[in-house]
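Participant: This one is work26.pdb, PDB, C-alpha atoms.
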```pdb
ATOM      1  CA  MET A   1     -99.564 -40.606 145.041
ATOM      2  CA  ALA A   2     -96.542 -42.845 144.958
ATOM      3  CA  GLY A   3     -93.373 -41.421 146.413
ATOM      4  CA  VAL A   4     -90.870 -43.320 144.273
ATOM      5  CA  ARG A   5     -88.452 -41.149 142.351
ATOM      6  CA  PRO A   6     -88.649 -41.607 138.545
ATOM      7  CA  TYR A   7     -85.407 -43.575 138.407
ATOM      8  CA  TRP A   8     -85.961 -44.610 134.781
ATOM      9  CA  ARG A   9     -85.206 -41.045 133.618
ATOM     10  CA  ARG A  10     -81.565 -41.607 134.555
ATOM     11  CA  ASP A  11     -81.263 -44.665 132.316
ATOM     12  CA  PRO A  12     -80.859 -43.520 128.674
ATOM     13  CA  GLU A  13     -79.301 -46.865 127.763
ATOM     14  CA  ARG A  14     -82.424 -48.722 129.005
ATOM     15  CA  LEU A  15     -80.414 -50.984 131.311
ATOM     16  CA  VAL A  16     -82.736 -50.737 134.323
ATOM     17  CA  PRO A  17     -85.525 -53.373 134.243
ATOM     18  CA  PHE A  18     -88.621 -52.099 132.410
ATOM     19  CA  SER A  19     -87.171 -48.608 131.899
ATOM     20  CA  ALA A  20     -88.231 -48.620 128.230
ATOM     21  CA  LEU A  21     -91.863 -49.152 129.196
ATOM     22  CA  LEU A  22     -91.780 -46.722 132.113
ATOM     23  CA  SER A  23     -90.194 -43.987 130.002
ATOM     24  CA  LEU A  24     -92.700 -44.300 127.163
ATOM     25  CA  VAL A  25     -95.658 -44.542 129.532
ATOM     26  CA  GLU A  26     -94.563 -41.373 131.308
ATOM     27  CA  THR A  27     -93.939 -39.587 128.011
ATOM     28  CA  TYR A  28     -97.215 -40.568 126.351
ATOM     29  CA  TYR A  29     -99.705 -41.494 129.089
ATOM     30  CA  HIS A  30     -99.122 -39.374 132.195
ATOM     31  CA  PRO A  31    -102.222 -37.175 132.756
ATOM     32  CA  GLU A  32    -100.230 -33.996 132.100
ATOM     33  CA  VAL A  33     -99.695 -35.117 128.490
ATOM     34  CA  ARG A  34    -102.224 -37.928 127.937
ATOM     35  CA  HIS A  35    -104.819 -35.988 125.938
ATOM     36  CA  ASP A  36    -102.291 -34.912 123.315
ATOM     37  CA  ASN A  37     -99.729 -37.712 123.416
ATOM     38  CA  TYR A  38    -101.489 -41.050 123.914
ATOM     39  CA  PRO A  39    -102.977 -41.131 120.380
ATOM     40  CA  SER A  40     -99.452 -40.478 119.116
ATOM     41  CA  LEU A  41     -98.183 -43.552 120.964
ATOM     42  CA  ILE A  42    -100.909 -45.685 119.379
ATOM     43  CA  SER A  43     -99.942 -44.352 115.931
ATOM     44  CA  ARG A  44     -96.254 -44.904 116.616
ATOM     45  CA  VAL A  45     -96.816 -48.532 117.610
ATOM     46  CA  ARG A  46     -98.990 -49.209 114.549
ATOM     47  CA  ARG A  47     -96.396 -47.887 112.112
ATOM     48  CA  SER A  48     -93.266 -48.971 113.986
ATOM     49  CA  GLY A  49     -90.939 -51.447 112.393
ATOM     50  CA  ALA A  50     -87.638 -53.077 113.194
ATOM     51  CA  ASN A  51     -85.886 -49.707 113.350
ATOM     52  CA  ASP A  52     -87.863 -48.412 116.335
ATOM     53  CA  ALA A  53     -85.799 -50.038 119.063
ATOM     54  CA  ASP A  54     -87.601 -48.273 121.906
ATOM     55  CA  ILE A  55     -90.994 -49.617 120.800
ATOM     56  CA  GLN A  56     -89.579 -53.134 120.454
ATOM     57  CA  ARG A  57     -88.127 -52.973 123.987
ATOM     58  CA  PHE A  58     -91.378 -51.463 125.247
ATOM     59  CA  LYS A  59     -93.343 -54.393 123.827
ATOM     60  CA  GLN A  60     -90.965 -56.938 125.367
ATOM     61  CA  ASP A  61     -91.312 -55.205 128.727
ATOM     62  CA  LEU A  62     -95.104 -55.171 128.421
ATOM     63  CA  ILE A  63     -95.260 -58.881 127.571
ATOM     64  CA  ALA A  64     -92.997 -59.728 130.502
ATOM     65  CA  LEU A  65     -95.168 -57.757 132.931
ATOM     66  CA  LEU A  66     -98.405 -59.229 131.621
ATOM     67  CA  THR A  67     -97.064 -62.760 131.944
ATOM     68  CA  GLY A  68     -96.083 -62.215 135.561
ATOM     69  CA  ASP A  69     -92.431 -61.171 135.458
ATOM     70  CA  ARG A  70     -92.129 -58.118 137.734
ATOM     71  CA  GLU A  71     -88.548 -58.749 138.845
ATOM     72  CA  GLY A  72     -86.697 -55.462 139.187
ATOM     73  CA  LEU A  73     -89.851 -53.305 138.926
ATOM     74  CA  HIS A  74     -90.426 -50.993 141.877
ATOM     75  CA  PRO A  75     -93.943 -51.648 143.259
ATOM     76  CA  GLN A  76     -94.920 -47.998 142.766
ATOM     77  CA  ALA A  77     -93.131 -47.324 139.468
ATOM     78  CA  LEU A  78     -96.122 -47.787 137.156
ATOM     79  CA  THR A  79     -98.439 -45.619 139.206
ATOM     80  CA  GLU A  80     -95.794 -42.880 139.324
ATOM     81  CA  ALA A  81     -95.146 -43.035 135.573
ATOM     82  CA  ALA A  82     -98.777 -43.296 134.433
ATOM     83  CA  TRP A  83    -101.197 -42.120 137.140
ATOM     84  CA  TYR A  84    -103.590 -44.586 135.556
ATOM     85  CA  ASP A  85    -107.339 -44.779 136.251
ATOM     86  CA  GLU A  86    -107.575 -48.565 136.698
ATOM     87  CA  ASP A  87    -107.632 -50.291 140.069
ATOM     88  CA  ASP A  88    -104.196 -51.875 139.755
ATOM     89  CA  ASP A  89    -101.121 -52.327 137.562
ATOM     90  CA  THR A  90    -102.533 -55.400 135.820
ATOM     91  CA  GLY A  91    -105.719 -53.632 134.737
ATOM     92  CA  PHE A  92    -103.697 -50.749 133.313
ATOM     93  CA  LEU A  93    -101.257 -53.036 131.490
ATOM     94  CA  GLN A  94    -104.072 -55.077 129.973
ATOM     95  CA  ARG A  95    -105.789 -51.953 128.627
ATOM     96  CA  LEU A  96    -102.475 -50.684 127.299
ATOM     97  CA  TRP A  97    -102.004 -53.945 125.370
ATOM     98  CA  ARG A  98    -105.537 -53.892 123.937
ATOM     99  CA  ASP A  99    -105.147 -50.282 122.807
ATOM    100  CA  LEU A 100    -101.741 -50.782 121.215
ATOM    101  CA  TYR A 101    -101.938 -54.361 119.903
ATOM    102  CA  PRO A 102    -105.644 -55.006 119.237
ATOM    103  CA  ASP A 103    -104.991 -57.763 116.690
ATOM    104  CA  GLU A 104    -102.784 -59.828 119.001
ATOM    105  CA  PRO A 105    -103.973 -62.035 121.876
ATOM    106  CA  LEU A 106    -103.457 -60.709 125.371
ATOM    107  CA  PRO A 107    -100.354 -62.222 126.976
ATOM    108  CA  ARG A 108    -101.393 -63.680 130.298
ATOM    109  CA  ARG A 109    -100.235 -65.679 133.246
ATOM    110  CA  PRO A 110    -101.281 -69.308 133.642
ATOM    111  CA  GLY A 111    -104.529 -69.330 135.560
ATOM    112  CA  GLN A 112    -106.039 -66.407 133.654
ATOM    113  CA  ASP A 113    -108.847 -66.648 131.122
ATOM    114  CA  SER A 114    -108.804 -64.881 127.737
ATOM    115  CA  ALA A 115    -109.895 -61.645 129.425
ATOM    116  CA  GLY A 116    -106.928 -61.806 131.789
ATOM    117  CA  VAL A 117    -109.022 -62.701 134.850
ATOM    118  CA  ASP A 118    -107.484 -65.062 137.423
ATOM    119  CA  ASP A 119    -109.273 -68.373 137.966
ATOM    120  CA  GLY A 120    -107.288 -69.360 141.050
ATOM    121  CA  ARG A 121    -104.575 -71.449 139.428
ATOM    122  CA  ALA A 122    -100.857 -70.733 139.521
ATOM    123  CA  THR A 123     -99.938 -67.184 138.609
ATOM    124  CA  VAL A 124     -96.257 -67.524 137.777
ATOM    125  CA  SER A 125     -95.077 -67.509 134.195
ATOM    126  CA  ARG A 126     -94.912 -70.979 132.655
ATOM    127  CA  VAL A 127     -91.527 -70.238 131.165
ATOM    128  CA  LYS A 128     -90.168 -67.734 133.669
ATOM    129  CA  GLY A 129     -86.388 -67.736 133.397
ATOM    130  CA  HIS A 130     -86.537 -69.092 129.848
ATOM    131  CA  THR A 131     -87.919 -65.915 128.254
ATOM    132  CA  ASP A 132     -85.862 -63.247 130.009
ATOM    133  CA  ARG A 133     -84.274 -60.667 127.750
ATOM    134  CA  GLY A 134     -80.955 -62.075 126.496
ATOM    135  CA  THR A 135     -81.812 -65.692 127.301
ATOM    136  CA  PRO A 136     -81.100 -68.056 124.365
ATOM    137  CA  TYR A 137     -84.302 -68.581 122.352
ATOM    138  CA  GLY A 138     -86.214 -66.319 124.740
ATOM    139  CA  THR A 139     -88.162 -64.658 121.915
ATOM    140  CA  LEU A 140     -89.277 -67.970 120.400
ATOM    141  CA  LEU A 141     -90.297 -69.381 123.783
ATOM    142  CA  ARG A 142     -92.235 -66.242 124.663
ATOM    143  CA  ILE A 143     -94.146 -66.309 121.353
ATOM    144  CA  VAL A 144     -94.804 -70.054 121.601
ATOM    145  CA  ASP A 145     -96.070 -69.607 125.156
ATOM    146  CA  THR A 146     -98.365 -66.744 124.082
ATOM    147  CA  TYR A 147     -99.783 -68.261 120.893
ATOM    148  CA  CYS A 148     -99.362 -72.053 121.040
ATOM    149  CA  HIS A 149    -100.044 -73.141 124.620
ATOM    150  CA  PRO A 150    -103.427 -74.879 125.150
ATOM    151  CA  GLU A 151    -104.474 -72.116 127.574
ATOM    152  CA  ALA A 152    -104.083 -69.424 124.891
ATOM    153  CA  ASP A 153    -107.123 -67.924 123.177
ATOM    154  CA  ASP A 154    -108.909 -70.132 120.643
ATOM    155  CA  ASP A 155    -107.795 -67.804 117.843
ATOM    156  CA  ALA A 156    -104.250 -67.317 119.122
ATOM    157  CA  TYR A 157    -102.510 -69.778 116.788
ATOM    158  CA  ALA A 158    -104.369 -68.444 113.774
ATOM    159  CA  ALA A 159    -103.320 -64.951 114.856
ATOM    160  CA  LEU A 160     -99.679 -66.080 114.922
ATOM    161  CA  ILE A 161     -99.986 -67.461 111.390
ATOM    162  CA  ARG A 162    -101.453 -64.137 110.229
ATOM    163  CA  ARG A 163     -98.723 -62.230 112.012
ATOM    164  CA  ALA A 164     -95.981 -64.272 110.349
ATOM    165  CA  ALA A 165     -97.579 -63.825 106.926
ATOM    166  CA  THR A 166     -98.373 -60.120 107.003
ATOM    167  CA  ARG A 167     -95.811 -58.324 109.163
ATOM    168  CA  ALA A 168     -92.446 -58.587 107.450
ATOM    169  CA  ASP A 169     -91.064 -55.606 109.429
ATOM    170  CA  ASP A 170     -92.004 -57.081 112.816
ATOM    171  CA  ALA A 171     -88.646 -57.190 114.604
ATOM    172  CA  GLU A 172     -89.873 -59.699 117.181
ATOM    173  CA  MET A 173     -91.004 -62.091 114.435
ATOM    174  CA  VAL A 174     -87.694 -61.657 112.609
ATOM    175  CA  THR A 175     -85.898 -62.745 115.782
ATOM    176  CA  PHE A 176     -88.398 -65.571 116.277
ATOM    177  CA  ARG A 177     -87.816 -66.869 112.747
ATOM    178  CA  GLY A 178     -84.036 -66.775 113.180
ATOM    179  CA  GLU A 179     -84.283 -68.743 116.420
ATOM    180  CA  LEU A 180     -86.630 -71.270 114.809
ATOM    181  CA  VAL A 181     -84.177 -71.805 111.952
ATOM    182  CA  ARG A 182     -81.332 -72.386 114.405
ATOM    183  CA  LEU A 183     -83.340 -74.950 116.372
ATOM    184  CA  LEU A 184     -84.370 -76.788 113.232
ATOM    185  CA  GLU A 185     -80.726 -76.886 112.141
ATOM    186  CA  GLY A 186     -79.831 -78.575 115.417
ATOM    187  CA  ASP A 187     -78.426 -75.710 117.486
ATOM    188  CA  ARG A 188     -79.911 -76.223 120.966
ATOM    189  CA  GLU A 189     -77.130 -74.539 122.938
ATOM    190  CA  GLY A 190     -78.599 -72.687 125.910
ATOM    191  CA  LEU A 191     -82.071 -74.207 125.465
ATOM    192  CA  ARG A 192     -83.200 -76.051 128.575
ATOM    193  CA  PRO A 193     -84.491 -79.552 127.785
ATOM    194  CA  GLU A 194     -88.003 -78.876 129.080
ATOM    195  CA  ALA A 195     -88.373 -75.310 127.802
ATOM    196  CA  LEU A 196     -90.283 -76.019 124.576
ATOM    197  CA  SER A 197     -92.625 -78.575 126.084
ATOM    198  CA  THR A 198     -93.350 -76.195 128.970
ATOM    199  CA  ALA A 199     -94.082 -73.292 126.635
ATOM    200  CA  ALA A 200     -96.295 -75.240 124.223
ATOM    201  CA  GLU A 201     -97.500 -78.393 126.022
ATOM    202  CA  TYR A 202     -97.642 -80.130 122.655
ATOM    203  CA  PRO A 203     -98.736 -83.785 122.502
ATOM    204  CA  GLY A 204     -96.112 -86.474 122.125
ATOM    205  CA  GLY A 205     -93.216 -84.626 123.733
ATOM    206  CA  ASN A 206     -91.183 -84.436 120.520
ATOM    207  CA  ASP A 207     -89.451 -81.067 120.085
ATOM    208  CA  ASP A 208     -88.438 -81.736 116.469
ATOM    209  CA  ALA A 209     -91.948 -82.647 115.349
ATOM    210  CA  PHE A 210     -93.386 -79.551 117.014
ATOM    211  CA  LEU A 211     -90.772 -77.252 115.472
ATOM    212  CA  GLU A 212     -91.252 -78.732 112.016
ATOM    213  CA  ARG A 213     -95.022 -78.294 112.208
ATOM    214  CA  LEU A 214     -94.555 -74.729 113.416
ATOM    215  CA  TRP A 215     -92.342 -73.935 110.417
ATOM    216  CA  ARG A 216     -94.717 -75.503 107.905
ATOM    217  CA  ASP A 217     -97.709 -73.670 109.374
ATOM    218  CA  LEU A 218     -96.000 -70.285 109.512
ATOM    219  CA  TYR A 219     -93.788 -70.429 106.430
ATOM    220  CA  PRO A 220     -95.571 -72.840 104.045
ATOM    221  CA  ASP A 221     -93.875 -71.472 100.934
ATOM    222  CA  GLU A 222     -90.344 -71.912 102.262
ATOM    223  CA  PRO A 223     -88.377 -75.172 102.463
ATOM    224  CA  LEU A 224     -87.853 -76.677 105.892
ATOM    225  CA  PRO A 225     -84.376 -75.995 107.363
ATOM    226  CA  LYS A 226     -82.581 -79.189 108.300
ATOM    227  CA  ARG A 227     -79.816 -80.175 110.674
ATOM    228  CA  ASP A 228     -76.814 -79.957 108.346
ATOM    229  CA  GLY A 229     -77.669 -76.327 107.599
ATOM    230  CA  GLY A 230     -79.250 -77.197 104.295
ATOM    231  CA  LEU A 231     -82.909 -77.377 103.429
ATOM    232  CA  GLY A 232     -85.262 -80.252 104.037
ATOM    233  CA  MET A 233     -88.167 -81.444 102.003
ATOM    234  CA  ARG A 234     -91.415 -79.573 102.422
TER     235      ARG A 234
END
```
Would you encode the structure as structure tokens?
Facilitator:
Amino acid sequence: MAGVRPYWRRDPERLVPFSALLSLVETYYHPEVRHDNYPSLISRVRRSGANDADIQRFKQDLIALLTGDREGLHPQALTEAAWYDEDDDTGFLQRLWRDLYPDEPLPRRPGQDSAGVDDGRATVSRVKGHTDRGTPYGTLLRIVDTYCHPEADDDAYAALIRRAATRADDAEMVTFRGELVRLLEGDREGLRPEALSTAAEYPGGNDDAFLERLWRDLYPDEPLPKRDGGLGMR
């Protein structure tokens, strides 16, 4: 078994990369507690809202790992925290996502099919560096990359529409909506010029048109924010 010390235990502030995920995996999934605790993690995720900060950080960590961002993760950390049964970290992370978020498409690296299997194309995140925690508009870019890119599942965009309509307490979607409003109002500070087109690969190359369509699809009963901070016509 891996010899790495469980360094994430010494990080109560969750400042070490992926410590939120490693801590919860060890608490709920390690074989010494798995039988009793793993169903509790599934229940916690299903009922968690914006107030469960650890679950929100856990989900962000999980998305980052599934989309290929392993920067700062010790190569043996996941095996030490989980003692999982799968062949590798990716197999474990994919099963974790499907157990905890069954109604959401699997985040995946470019070059993977809908089952998360590599097809030989590039395996680095399309928007790596744009979606890091704390990066301006990182939440919006991560969600756009997961749900709107042409390589996403066929049902991914419809799943995003359902998510926006039915999960008012979804902290990630609250952040996403706030970032979308800011972009529509003209605040692009910190957004790299190619970030949106890389995340979505929308036709025409027009950020404004893409953002406006995204708003109308996700929030059809709300007026479109416009650049002067007011509201545009629907």
Participant: Please identify all polymer residues within 8 Å of stretch 133-144 of chain A, counting all atoms listed in the file, omitting same-chain residues fewer than 3 positions from it, and present them as a list in words.
Facilitator: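 With the cut-off at 8 Å, the set is Val127, Gly129, His130, Tyr147, Cys148, His149, Glu172, Thr175, Phe176, Arg177, Glu179, Leu180, Glu189, Gly190, Leu191, Ala195, Leu196, Ala199 and Ala200 of chain A.
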Participant: For A:Gln60, which of A:Pro75, A:Pro102, A:Pro17, A:Pro203 is the closest residue, counting only C-alpha atoms?
Facilitator: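 Nearest candidate to A:Gln60 out of A:Pro75, A:Pro102, A:Pro17, A:Pro203: A:Pro17.
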Participant: Please provide as number ranges by chain all residues within 12 Å of A:Asp169, with the sequence filter that same-chain residues fewer than 4 positions apart are discarded (counting all atoms listed in the file).
Facilitator: A: 46-52, 56, 163-165, 173-175
Participant: Kindly export the residues of the current selection with C-alpha atoms, as a compact mmCIF listing (two decimals), in the coordinates of the input.
Facilitator:
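And here's part_3.txt as it stands now:
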```txt
# COMPACT_ATOMS: atom_id res chain seq x y z
CA ARG A 46 -98.99 -49.21 114.55
CA ARG A 47 -96.40 -47.89 112.11
CA SER A 48 -93.27 -48.97 113.99
CA GLY A 49 -90.94 -51.45 112.39
CA ALA A 50 -87.64 -53.08 113.19
CA ASN A 51 -85.89 -49.71 113.35
CA ASP A 52 -87.86 -48.41 116.34
CA GLN A 56 -89.58 -53.13 120.45
CA ARG A 163 -98.72 -62.23 112.01
CA ALA A 164 -95.98 -64.27 110.35
CA ALA A 165 -97.58 -63.82 106.93
CA MET A 173 -91.00 -62.09 114.44
CA VAL A 174 -87.69 -61.66 112.61
CA THR A 175 -85.90 -62.74 115.78
```
Participant: Selection in question (the file shown): the PyMOL selection byres ((chain A and resi 219-225) around 12). Which residues does it include, as a VMD selection string?
Facilitator: chain A and resid 160 to 166 168 173 177 to 187 208 to 209 211 to 218 226 to 234
Participant: Take the residues that were just selected and, keeping C-alpha atoms, output them as a PDB file, in the frame of the given file.
Facilitator:
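Once everything was written out, this is out29.pdb:
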```pdb
ATOM      1  CA  LEU A 160     -99.679 -66.080 114.922  1.00  0.00           C
ATOM      2  CA  ILE A 161     -99.986 -67.461 111.390  1.00  0.00           C
ATOM      3  CA  ARG A 162    -101.453 -64.137 110.229  1.00  0.00           C
ATOM      4  CA  ARG A 163     -98.723 -62.230 112.012  1.00  0.00           C
ATOM      5  CA  ALA A 164     -95.981 -64.272 110.349  1.00  0.00           C
ATOM      6  CA  ALA A 165     -97.579 -63.825 106.926  1.00  0.00           C
ATOM      7  CA  THR A 166     -98.373 -60.120 107.003  1.00  0.00           C
ATOM      8  CA  ALA A 168     -92.446 -58.587 107.450  1.00  0.00           C
ATOM      9  CA  MET A 173     -91.004 -62.091 114.435  1.00  0.00           C
ATOM     10  CA  ARG A 177     -87.816 -66.869 112.747  1.00  0.00           C
ATOM     11  CA  GLY A 178     -84.036 -66.775 113.180  1.00  0.00           C
ATOM     12  CA  GLU A 179     -84.283 -68.743 116.420  1.00  0.00           C
ATOM     13  CA  LEU A 180     -86.630 -71.270 114.809  1.00  0.00           C
ATOM     14  CA  VAL A 181     -84.177 -71.805 111.952  1.00  0.00           C
ATOM     15  CA  ARG A 182     -81.332 -72.386 114.405  1.00  0.00           C
ATOM     16  CA  LEU A 183     -83.340 -74.950 116.372  1.00  0.00           C
ATOM     17  CA  LEU A 184     -84.370 -76.788 113.232  1.00  0.00           C
ATOM     18  CA  GLU A 185     -80.726 -76.886 112.141  1.00  0.00           C
ATOM     19  CA  GLY A 186     -79.831 -78.575 115.417  1.00  0.00           C
ATOM     20  CA  ASP A 187     -78.426 -75.710 117.486  1.00  0.00           C
ATOM     21  CA  ASP A 208     -88.438 -81.736 116.469  1.00  0.00           C
ATOM     22  CA  ALA A 209     -91.948 -82.647 115.349  1.00  0.00           C
ATOM     23  CA  LEU A 211     -90.772 -77.252 115.472  1.00  0.00           C
ATOM     24  CA  GLU A 212     -91.252 -78.732 112.016  1.00  0.00           C
ATOM     25  CA  ARG A 213     -95.022 -78.294 112.208  1.00  0.00           C
ATOM     26  CA  LEU A 214     -94.555 -74.729 113.416  1.00  0.00           C
ATOM     27  CA  TRP A 215     -92.342 -73.935 110.417  1.00  0.00           C
ATOM     28  CA  ARG A 216     -94.717 -75.503 107.905  1.00  0.00           C
ATOM     29  CA  ASP A 217     -97.709 -73.670 109.374  1.00  0.00           C
ATOM     30  CA  LEU A 218     -96.000 -70.285 109.512  1.00  0.00           C
ATOM     31  CA  LYS A 226     -82.581 -79.189 108.300  1.00  0.00           C
ATOM     32  CA  ARG A 227     -79.816 -80.175 110.674  1.00  0.00           C
ATOM     33  CA  ASP A 228     -76.814 -79.957 108.346  1.00  0.00           C
ATOM     34  CA  GLY A 229     -77.669 -76.327 107.599  1.00  0.00           C
ATOM     35  CA  GLY A 230     -79.250 -77.197 104.295  1.00  0.00           C
ATOM     36  CA  LEU A 231     -82.909 -77.377 103.429  1.00  0.00           C
ATOM     37  CA  GLY A 232     -85.262 -80.252 104.037  1.00  0.00           C
ATOM     38  CA  MET A 233     -88.167 -81.444 102.003  1.00  0.00           C
ATOM     39  CA  ARG A 234     -91.415 -79.573 102.422  1.00  0.00           C
TER      40      ARG A 234
END
```
Participant: Would you compute, for all listed atoms of stretch 91-95 of chain A, the axis-aligned bounding box grown by 5 Å on each side, and then report its centre and edge lengths in Å rounded to one decimal, as lines of an AutoDock Vina configuration file?
Facilitator:
```
center_x = -103.5
center_y = -52.9
center_z = 131.7
size_x = 14.5
size_y = 14.3
size_z = 16.1
```
Participant: Can you measure atom CA of A:Ile63 to atom CA of A:Tyr202 for me? One decimal in Å is fine.
Facilitator: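 Atom CA of A:Tyr202 lies at a distance of 21.9 Å from atom CA of A:Ile63.
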Participant: So what do you get for atom CA of A:His74 versus atom CA of A:Trp97, distance-wise?
Facilitator: 20.4 Å
Participant: Report the residues retrieved by the PyMOL selection byres ((chain A and resi 36-42) around 12) from the displayed file, expressed as a VMD selection string.
Facilitator: chain A and resid 21 24 to 35 43 to 48 54 to 55 58 82 96 to 102
Participant: Take the PyMOL selection byres ((chain A and resi 5) around 12), run it mentally on this structure, and tell me the resulting residues as a list in words.
Facilitator: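 Output of the PyMOL selection byres ((chain A and resi 5) around 12): Met1, Ala2, Gly3, Val4, Pro6, Tyr7, Trp8, Arg9, Arg10, His74, Pro75, Gln76, Ala77, Leu78, Thr79, Glu80 and Ala81 of chain A.
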Participant: Could you check how far atom CA of A:Ala64 sits from atom CA of A:Leu15, in Å to one decimal?
Facilitator: 15.3 Å
Participant: Using all atoms listed in the file, which of the listed residues (A:Ala171, A:Leu73, A:Ala156, A:Leu65) sits closest to A:Val16?
Facilitator: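 Among the listed residues, A:Leu73 lies closest to A:Val16.
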Participant: Given the choices A:Asp89, A:Asp69, A:Glu201, A:Glu104, which gets closest to A:Asp153 if the distance is worked out from only C-alpha atoms?
Facilitator: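 Checking each candidate against A:Asp153, we get A:Glu104 as the closest.
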Participant: Which one is closest to A:Leu66: A:Glu13, A:Gln94, A:Leu22, A:Ala152? Count only C-alpha atoms.
Facilitator: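 Result for the nearest residue to A:Leu66: A:Gln94.
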Participant: Quick one: stretch 145-158 of chain A with N, CA and C atoms, as a CSV table (one decimal), in the frame of the given file?
Facilitator:
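Dumped everything to selection-v7.csv:
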```
chain,number,residue,atom,x,y,z
A,145,ASP,N,-95.3,-69.6,123.9
A,145,ASP,CA,-96.1,-69.6,125.2
A,145,ASP,C,-97.3,-68.8,125.0
A,146,THR,N,-97.2,-67.6,124.3
A,146,THR,CA,-98.4,-66.7,124.1
A,146,THR,C,-99.4,-67.3,123.1
A,147,TYR,N,-98.9,-67.9,122.0
A,147,TYR,CA,-99.8,-68.3,120.9
A,147,TYR,C,-100.1,-69.8,120.8
A,148,CYS,N,-99.2,-70.6,121.3
A,148,CYS,CA,-99.4,-72.1,121.0
A,148,CYS,C,-99.8,-72.9,122.2
A,149,HIS,N,-99.7,-72.4,123.4
A,149,HIS,CA,-100.0,-73.1,124.6
A,149,HIS,C,-101.6,-73.4,124.6
A,150,PRO,N,-102.0,-74.6,125.1
A,150,PRO,CA,-103.4,-74.9,125.2
A,150,PRO,C,-104.3,-73.9,125.9
A,151,GLU,N,-103.7,-73.1,126.8
A,151,GLU,CA,-104.5,-72.1,127.6
A,151,GLU,C,-104.6,-70.8,126.8
A,152,ALA,N,-104.0,-70.7,125.7
A,152,ALA,CA,-104.1,-69.4,124.9
A,152,ALA,C,-105.5,-69.3,124.3
A,153,ASP,N,-105.8,-68.1,123.8
A,153,ASP,CA,-107.1,-67.9,123.2
A,153,ASP,C,-107.3,-68.9,122.0
A,154,ASP,N,-108.6,-69.2,121.7
A,154,ASP,CA,-108.9,-70.1,120.6
A,154,ASP,C,-108.3,-69.7,119.3
A,155,ASP,N,-108.3,-68.4,119.1
A,155,ASP,CA,-107.8,-67.8,117.8
A,155,ASP,C,-106.3,-67.5,117.9
A,156,ALA,N,-105.6,-67.8,119.0
A,156,ALA,CA,-104.2,-67.3,119.1
A,156,ALA,C,-103.3,-67.9,118.0
A,157,TYR,N,-103.4,-69.2,117.8
A,157,TYR,CA,-102.5,-69.8,116.8
A,157,TYR,C,-102.8,-69.2,115.4
A,158,ALA,N,-104.0,-69.0,115.1
A,158,ALA,CA,-104.4,-68.4,113.8
A,158,ALA,C,-103.8,-67.0,113.7
```
